[in-house]
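> Take this structure, written in structure tokens, and hold onto it; I'll ask about it next.
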Amino acid sequence: MKPNREFLAVFGLGLALVCGARAATALPAEWRHVQQFTVSSVDLVKLSLPPATLDAARPALEDVRLYDDAGSEMPFFIARPTPAGVAVQTAKSFRVTMADATTVITLETGLTQPVNGVTLETPATGFIKGVRVEGSADGRTWQRLADGQPVFHQTYRVSQLHVAFPDGTWRWLRLTVDDRRSAPIPFTSARVHAAAAAPVPAESQPVKVLERNENPGETRLTLDLSGANLDVASVTIETDEPLFTRDVTLAVPHVTEETIREQVVGRGVIYRVALEGQPVSDNLVVPLEALVRSRELVLLIRNEDSPPLSVKSVRVERRPVYLIFMPRQAGNFHLLTGNPACSAPRYDLAGLGATLKGAALTDVAISTLTDNPAFRAPEALRGVEVGGAVLDVSAWQFRKPVQLARGGAEQLELDLDVLAHADAGLADLRVVRGGAQVPYILHSTSISRSLTPAVTVTNDARNPKLSRWIIKLSRPGLPLTYLACVTKSTLFQREMALSEEVADERGNKYRRALGSATWTQTPDRKSGRFSLSLTAKPQSETLFLETENGDNPAIVLEGFTVSYSVTRVLFKAAADDRPFLYYGNPRVSSPKYDLSLVAGELLAAEKATASLGGEDQLKKSLWSGTGAPNTGGVVFWAVLALVVVGLLVVISRLLPKASAPN
């Protein structure tokens, strides 16, 4: 049968209409990511944006767009609920009395709105006490608000002086401090905290611990937030430890001066304490209330002399981000993200923000993040050139091959060879491929690596009261940051000095100070672990730790370790590249690369771990201080010898010639 021409015409017209409709609903090609959701009614819609959406978008959400199934852009409003600032002020009146092994603090709040906490101030240290809190409207009739609240200020500045209780409007507060098991301490003033006017919603989510490093006296956890640009309200640490107090710091990677460093964004104290006659009281939450623009959050737990804290899991409370809009009709909608160049939209809904914020949350399921079909996915760090300027490497003393696992963004940790032979500020590092530089960014981390040196105890025959430990390192020039050890001695206080013996360019030896500290040991200090911060990078491989014992017996030190900070190099490379890392040129300054303009993108990119091969020594240094720090400069002595010879020749010509005998 031959096809009916009328049927073919109708079919062709229908196909054209369908194709035209599909073309009309094509999403903008400038946006990389898309998510879908369905709305079943024409009512105000309020969505909580998932972490994946926030991660794919820019920090201020300038690139978020919403389209319906017909390809029309939908106006929307972004709401970020944040806690309103609450009043914290010094108590209007403050009176302290002593009665029946208690310290009674009576204060007038000076606030007419509800209050929920008091922070005490005291110069005392080394205490832990329980506090009972009572409230009164007239100063005569009191109502108990909390009992057994712990306050403490322990060694190494770990303190908790805040007492919390349920929200309430109280003109007067009375705090009774239990002094039955320890001596009373002075309290000098108090600050009263007003309660928030309304609770702010928060969503809890577990986080993955990407990396755990045990630094001297500190545990460092790198947390994966599963997305960037999250409004993190707090971090909760889950642990089975029965009793502990720890100072906690939160930090994020931050780009500064063409280097990535860790910037502190929050601090807090976590504890679990047991006061006699009271139930166990704990606080495992570290408040933050900050927009974390990176996917990673660094958690630093200060252990001091205590063993590392056992961490079962970590959770974060994040403030939700709402997208609110009014659909024209029910159906499918498309949420777009991932456009680094667009400007923020301006919709008429922005003026209705106060009204829209109070809308009820809509139960809508948003799909996972996928690639926009109209968008061609770029390579990692698109637009970033792999190659840089040509480099003459004749002045560099060392190099190492860089071994790549795959192409794209790369992360390379500097090893001991590089750290020992490179300039102290790492200004001479160059990544070179085919004679041209590969732009990079330095990432200075808070990770510490520990080394175990060989230690010998000696005595000075000329000074019997001096104790000296000779510390032998694996190589000279290591950029050490800490020296740590433990002691078996139970009672002492010593001034410790760390130094090395180096030579100047003329070969004259002298002592170079590297750091000092006062070490104190008492019977109640159980761990006996001490650390000393180095103030300069050692030049040699032999260090001297010394102390004067006076008329006391010599102390016993053992378990020596030295630590250095981890530095990483971030760069981009192709899979078939064979780059080299050059170092050992103290006469050059730090390079300036345009790559620093996209340092945030490089930090957020999924990075492969590169490694270093064996070291090649390209040339030997003729000057002291670069490769042979304990010997005189060969060039200096050679030049001096030539000058002396030249002077002798000149003097010999100026002397009168001997006359012949008559």
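Chains: A, B, ... in order of the structure tokens. Residues: from 1 per chain. Ligands: from 1, in order shown.
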Neighbours of range 281-294 of chain A within 8 Å (only C-alpha atoms; same-chain residues fewer than 6 positions away dropped), as a PDB file with N, CA and C atoms, in the first residue's frame?

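Once written, result14.pdb looks like this:
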ATOM      1  N   PRO A  59      27.664  31.209  46.254  1.00  0.00           N
ATOM      2  CA  PRO A  59      27.392  31.437  47.681  1.00  0.00           C
ATOM      3  C   PRO A  59      26.154  32.268  47.966  1.00  0.00           C
ATOM      4  N   GLN A 149      23.930  23.030  87.744  1.00  0.00           N
ATOM      5  CA  GLN A 149      24.585  23.525  86.536  1.00  0.00           C
ATOM      6  C   GLN A 149      26.085  23.688  86.812  1.00  0.00           C
ATOM      7  N   PRO A 150      26.973  23.082  85.994  1.00  0.00           N
ATOM      8  CA  PRO A 150      28.405  23.169  86.281  1.00  0.00           C
ATOM      9  C   PRO A 150      29.017  24.461  85.755  1.00  0.00           C
ATOM     10  N   GLY A 227      28.338  19.520  50.939  1.00  0.00           N
ATOM     11  CA  GLY A 227      27.934  20.667  50.135  1.00  0.00           C
ATOM     12  C   GLY A 227      28.527  21.946  50.675  1.00  0.00           C
ATOM     13  N   ALA A 228      28.769  22.889  49.772  1.00  0.00           N
ATOM     14  CA  ALA A 228      29.249  24.203  50.179  1.00  0.00           C
ATOM     15  C   ALA A 228      28.065  25.138  50.397  1.00  0.00           C
ATOM     16  N   ASN A 229      28.357  26.337  50.899  1.00  0.00           N
ATOM     17  CA  ASN A 229      27.364  27.402  51.062  1.00  0.00           C
ATOM     18  C   ASN A 229      26.244  27.033  52.038  1.00  0.00           C
ATOM     19  N   LEU A 230      26.579  26.291  53.093  1.00  0.00           N
ATOM     20  CA  LEU A 230      25.590  25.920  54.098  1.00  0.00           C
ATOM     21  C   LEU A 230      25.635  26.913  55.265  1.00  0.00           C
ATOM     22  N   ASP A 231      24.462  27.288  55.759  1.00  0.00           N
ATOM     23  CA  ASP A 231      24.363  28.114  56.965  1.00  0.00           C
ATOM     24  C   ASP A 231      24.417  27.189  58.171  1.00  0.00           C
ATOM     25  N   VAL A 232      25.608  26.982  58.711  1.00  0.00           N
ATOM     26  CA  VAL A 232      25.800  26.037  59.807  1.00  0.00           C
ATOM     27  C   VAL A 232      25.525  26.744  61.129  1.00  0.00           C
ATOM     28  N   ALA A 233      24.547  26.230  61.865  1.00  0.00           N
ATOM     29  CA  ALA A 233      24.193  26.816  63.151  1.00  0.00           C
ATOM     30  C   ALA A 233      25.092  26.300  64.270  1.00  0.00           C
ATOM     31  N   SER A 234      25.408  24.993  64.250  1.00  0.00           N
ATOM     32  CA  SER A 234      26.215  24.406  65.316  1.00  0.00           C
ATOM     33  C   SER A 234      26.763  23.070  64.857  1.00  0.00           C
ATOM     34  N   VAL A 235      27.742  22.588  65.597  1.00  0.00           N
ATOM     35  CA  VAL A 235      28.357  21.280  65.357  1.00  0.00           C
ATOM     36  C   VAL A 235      28.247  20.469  66.639  1.00  0.00           C
ATOM     37  N   THR A 236      27.754  19.234  66.534  1.00  0.00           N
ATOM     38  CA  THR A 236      27.592  18.362  67.693  1.00  0.00           C
ATOM     39  C   THR A 236      28.541  17.182  67.571  1.00  0.00           C
ATOM     40  N   ILE A 237      29.290  16.913  68.632  1.00  0.00           N
ATOM     41  CA  ILE A 237      30.282  15.836  68.661  1.00  0.00           C
ATOM     42  C   ILE A 237      29.761  14.727  69.556  1.00  0.00           C
ATOM     43  N   GLU A 238      29.604  13.543  69.007  1.00  0.00           N
ATOM     44  CA  GLU A 238      29.134  12.389  69.766  1.00  0.00           C
ATOM     45  C   GLU A 238      30.334  11.589  70.264  1.00  0.00           C
ATOM     46  N   VAL A 248      37.368  23.552  71.808  1.00  0.00           N
ATOM     47  CA  VAL A 248      37.152  23.175  70.413  1.00  0.00           C
ATOM     48  C   VAL A 248      37.203  24.425  69.541  1.00  0.00           C
ATOM     49  N   VAL A 252      37.823  27.064  58.545  1.00  0.00           N
ATOM     50  CA  VAL A 252      37.518  26.769  57.149  1.00  0.00           C
ATOM     51  C   VAL A 252      38.706  27.204  56.303  1.00  0.00           C
ATOM     52  N   PRO A 253      38.926  26.548  55.146  1.00  0.00           N
ATOM     53  CA  PRO A 253      39.977  27.016  54.228  1.00  0.00           C
ATOM     54  C   PRO A 253      39.640  28.413  53.718  1.00  0.00           C
ATOM     55  N   VAL A 265      36.585  30.248  62.502  1.00  0.00           N
ATOM     56  CA  VAL A 265      35.249  30.832  62.392  1.00  0.00           C
ATOM     57  C   VAL A 265      34.412  30.607  63.647  1.00  0.00           C
ATOM     58  N   GLY A 266      34.864  29.753  64.563  1.00  0.00           N
ATOM     59  CA  GLY A 266      34.078  29.508  65.769  1.00  0.00           C
ATOM     60  C   GLY A 266      34.883  28.812  66.845  1.00  0.00           C
ATOM     61  N   ARG A 267      34.483  29.015  68.087  1.00  0.00           N
ATOM     62  CA  ARG A 267      35.126  28.376  69.233  1.00  0.00           C
ATOM     63  C   ARG A 267      34.054  27.953  70.231  1.00  0.00           C
ATOM     64  N   GLY A 268      34.382  26.985  71.051  1.00  0.00           N
ATOM     65  CA  GLY A 268      33.459  26.537  72.086  1.00  0.00           C
ATOM     66  C   GLY A 268      34.119  25.545  73.010  1.00  0.00           C
ATOM     67  N   VAL A 269      33.388  25.125  74.015  1.00  0.00           N
ATOM     68  CA  VAL A 269      33.862  24.143  74.995  1.00  0.00           C
ATOM     69  C   VAL A 269      32.845  23.018  75.063  1.00  0.00           C
ATOM     70  N   ILE A 270      33.322  21.777  74.917  1.00  0.00           N
ATOM     71  CA  ILE A 270      32.457  20.619  75.133  1.00  0.00           C
ATOM     72  C   ILE A 270      32.917  19.940  76.414  1.00  0.00           C
ATOM     73  N   TYR A 271      31.959  19.328  77.126  1.00  0.00           N
ATOM     74  CA  TYR A 271      32.325  18.716  78.408  1.00  0.00           C
ATOM     75  C   TYR A 271      31.293  17.676  78.795  1.00  0.00           C
ATOM     76  N   ARG A 272      31.727  16.801  79.672  1.00  0.00           N
ATOM     77  CA  ARG A 272      30.842  15.879  80.397  1.00  0.00           C
ATOM     78  C   ARG A 272      31.433  15.755  81.786  1.00  0.00           C
ATOM     79  N   VAL A 273      30.742  16.313  82.779  1.00  0.00           N
ATOM     80  CA  VAL A 273      31.257  16.362  84.144  1.00  0.00           C
ATOM     81  C   VAL A 273      30.210  15.780  85.081  1.00  0.00           C
ATOM     82  N   ALA A 274      30.682  15.286  86.223  1.00  0.00           N
ATOM     83  CA  ALA A 274      29.799  14.697  87.235  1.00  0.00           C
ATOM     84  C   ALA A 274      30.103  15.353  88.571  1.00  0.00           C
ATOM     85  N   ALA A 604      37.530  23.836  45.909  1.00  0.00           N
ATOM     86  CA  ALA A 604      36.283  23.079  45.959  1.00  0.00           C
ATOM     87  C   ALA A 604      36.251  21.917  44.980  1.00  0.00           C
TER      88      ALA A 604
END
> Excluding same-chain residues fewer than 4 positions from Pro51 in chain A, what lies within 12 Å of it counting only C-alpha atoms, as a list in words?
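Final neighbour list, sorted by chain and number: Asp55, Ala56, Ala57, Glu203, Ser204, Gln205, Val207, Asp224, Leu225, Ser226, Gly227, Ala228, Asn229, Leu230, Asp231, Val232, Val292, Arg293, Arg295, Arg318, Arg319, Pro320, Val321, Tyr322, Ile366, Thr368 and Leu369 of chain A.
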> Kindly save the residues from that selection, with N, CA and C atoms included, as a PDB file, in the first residue's frame.

ATOM      1  N   ASP A  55      25.189  23.541  47.187  1.00  0.00           N
ATOM      2  CA  ASP A  55      26.563  23.237  46.810  1.00  0.00           C
ATOM      3  C   ASP A  55      26.819  23.602  45.353  1.00  0.00           C
ATOM      4  N   ALA A  56      25.843  23.332  44.468  1.00  0.00           N
ATOM      5  CA  ALA A  56      26.021  23.599  43.045  1.00  0.00           C
ATOM      6  C   ALA A  56      25.894  25.076  42.711  1.00  0.00           C
ATOM      7  N   ALA A  57      25.219  25.842  43.567  1.00  0.00           N
ATOM      8  CA  ALA A  57      24.990  27.261  43.305  1.00  0.00           C
ATOM      9  C   ALA A  57      26.144  28.099  43.828  1.00  0.00           C
ATOM     10  N   GLU A 203      17.908  22.161  60.571  1.00  0.00           N
ATOM     11  CA  GLU A 203      17.851  20.793  60.078  1.00  0.00           C
ATOM     12  C   GLU A 203      19.151  20.086  60.437  1.00  0.00           C
ATOM     13  N   SER A 204      19.031  18.904  61.032  1.00  0.00           N
ATOM     14  CA  SER A 204      20.198  18.144  61.463  1.00  0.00           C
ATOM     15  C   SER A 204      20.626  17.189  60.362  1.00  0.00           C
ATOM     16  N   GLN A 205      21.926  17.079  60.158  1.00  0.00           N
ATOM     17  CA  GLN A 205      22.437  16.129  59.181  1.00  0.00           C
ATOM     18  C   GLN A 205      23.790  15.600  59.647  1.00  0.00           C
ATOM     19  N   VAL A 207      27.628  14.256  59.230  1.00  0.00           N
ATOM     20  CA  VAL A 207      28.725  14.604  58.335  1.00  0.00           C
ATOM     21  C   VAL A 207      29.773  13.496  58.377  1.00  0.00           C
ATOM     22  N   ASP A 224      33.372  16.526  56.014  1.00  0.00           N
ATOM     23  CA  ASP A 224      32.737  16.720  54.719  1.00  0.00           C
ATOM     24  C   ASP A 224      31.279  17.106  54.965  1.00  0.00           C
ATOM     25  N   LEU A 225      30.913  18.343  54.632  1.00  0.00           N
ATOM     26  CA  LEU A 225      29.568  18.833  54.867  1.00  0.00           C
ATOM     27  C   LEU A 225      28.589  18.392  53.782  1.00  0.00           C
ATOM     28  N   SER A 226      29.064  17.679  52.770  1.00  0.00           N
ATOM     29  CA  SER A 226      28.239  17.223  51.637  1.00  0.00           C
ATOM     30  C   SER A 226      27.737  18.383  50.795  1.00  0.00           C
ATOM     31  N   GLY A 227      28.338  19.520  50.939  1.00  0.00           N
ATOM     32  CA  GLY A 227      27.934  20.667  50.135  1.00  0.00           C
ATOM     33  C   GLY A 227      28.527  21.946  50.675  1.00  0.00           C
ATOM     34  N   ALA A 228      28.769  22.889  49.772  1.00  0.00           N
ATOM     35  CA  ALA A 228      29.249  24.203  50.179  1.00  0.00           C
ATOM     36  C   ALA A 228      28.065  25.138  50.397  1.00  0.00           C
ATOM     37  N   ASN A 229      28.357  26.337  50.899  1.00  0.00           N
ATOM     38  CA  ASN A 229      27.364  27.402  51.062  1.00  0.00           C
ATOM     39  C   ASN A 229      26.244  27.033  52.038  1.00  0.00           C
ATOM     40  N   LEU A 230      26.579  26.291  53.093  1.00  0.00           N
ATOM     41  CA  LEU A 230      25.590  25.920  54.098  1.00  0.00           C
ATOM     42  C   LEU A 230      25.635  26.913  55.265  1.00  0.00           C
ATOM     43  N   ASP A 231      24.462  27.288  55.759  1.00  0.00           N
ATOM     44  CA  ASP A 231      24.363  28.114  56.965  1.00  0.00           C
ATOM     45  C   ASP A 231      24.417  27.189  58.171  1.00  0.00           C
ATOM     46  N   VAL A 232      25.608  26.982  58.711  1.00  0.00           N
ATOM     47  CA  VAL A 232      25.800  26.037  59.807  1.00  0.00           C
ATOM     48  C   VAL A 232      25.525  26.744  61.129  1.00  0.00           C
ATOM     49  N   VAL A 292      29.226  28.726  55.716  1.00  0.00           N
ATOM     50  CA  VAL A 292      30.463  28.016  55.377  1.00  0.00           C
ATOM     51  C   VAL A 292      30.481  27.827  53.866  1.00  0.00           C
ATOM     52  N   ARG A 293      31.365  28.524  53.200  1.00  0.00           N
ATOM     53  CA  ARG A 293      31.378  28.511  51.733  1.00  0.00           C
ATOM     54  C   ARG A 293      32.113  27.317  51.151  1.00  0.00           C
ATOM     55  N   ARG A 295      33.176  23.079  51.161  1.00  0.00           N
ATOM     56  CA  ARG A 295      32.578  21.790  51.496  1.00  0.00           C
ATOM     57  C   ARG A 295      33.190  21.207  52.757  1.00  0.00           C
ATOM     58  N   ARG A 318      22.033  22.841  60.444  1.00  0.00           N
ATOM     59  CA  ARG A 318      22.115  23.911  59.452  1.00  0.00           C
ATOM     60  C   ARG A 318      20.778  24.632  59.339  1.00  0.00           C
ATOM     61  N   ARG A 319      20.858  25.922  59.084  1.00  0.00           N
ATOM     62  CA  ARG A 319      19.659  26.706  58.872  1.00  0.00           C
ATOM     63  C   ARG A 319      19.154  26.453  57.450  1.00  0.00           C
ATOM     64  N   PRO A 320      17.856  26.145  57.278  1.00  0.00           N
ATOM     65  CA  PRO A 320      17.353  25.890  55.931  1.00  0.00           C
ATOM     66  C   PRO A 320      17.326  27.169  55.098  1.00  0.00           C
ATOM     67  N   VAL A 321      17.364  26.989  53.793  1.00  0.00           N
ATOM     68  CA  VAL A 321      17.215  28.088  52.837  1.00  0.00           C
ATOM     69  C   VAL A 321      15.956  27.797  52.024  1.00  0.00           C
ATOM     70  N   TYR A 322      15.011  28.723  52.023  1.00  0.00           N
ATOM     71  CA  TYR A 322      13.709  28.499  51.394  1.00  0.00           C
ATOM     72  C   TYR A 322      13.612  29.235  50.064  1.00  0.00           C
ATOM     73  N   ILE A 366      12.168  17.147  45.690  1.00  0.00           N
ATOM     74  CA  ILE A 366      13.047  17.686  44.649  1.00  0.00           C
ATOM     75  C   ILE A 366      13.989  16.573  44.201  1.00  0.00           C
ATOM     76  N   THR A 368      17.249  14.576  42.415  1.00  0.00           N
ATOM     77  CA  THR A 368      18.696  14.729  42.565  1.00  0.00           C
ATOM     78  C   THR A 368      19.247  15.645  41.476  1.00  0.00           C
ATOM     79  N   LEU A 369      20.425  16.138  41.722  1.00  0.00           N
ATOM     80  CA  LEU A 369      21.071  17.062  40.800  1.00  0.00           C
ATOM     81  C   LEU A 369      21.553  16.306  39.566  1.00  0.00           C
TER      82      LEU A 369
END
> Closest to Ala610 in chain A among A:Glu262, A:Asp415, A:Asp551, A:Asp460, using only C-alpha atoms?
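Smallest separation from Ala610 in chain A among the options: A:Asp415.
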> Just want the 9 Å neighbourhood of Cys485 in chain A, counted on only C-alpha atoms, with same-chain residues fewer than 3 positions away dropped. Output as a PyMOL selection string.
chain A and resi 528-531+557-562
> Taking the DSSP assignment computed from this structure's backbone, write out as number ranges by chain all residues of range 531-625 of chain A that belong to helix (DSSP H, G or I).
A: 594-604
> So, with only C-alpha atoms as the atoms that count, which of A:Arg346, A:Arg587, A:His193, A:Arg328 lies closest to Ser41 in chain A?
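Among A:Arg346, A:Arg587, A:His193, A:Arg328, it is A:Arg328 that comes nearest to Ser41 in chain A.
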> Between A:Ala574, A:Leu429, A:Ala251, A:Ala84, which residue has the minimum interatomic distance to Gln263 in chain A, considering only C-alpha atoms?
A:Ala251
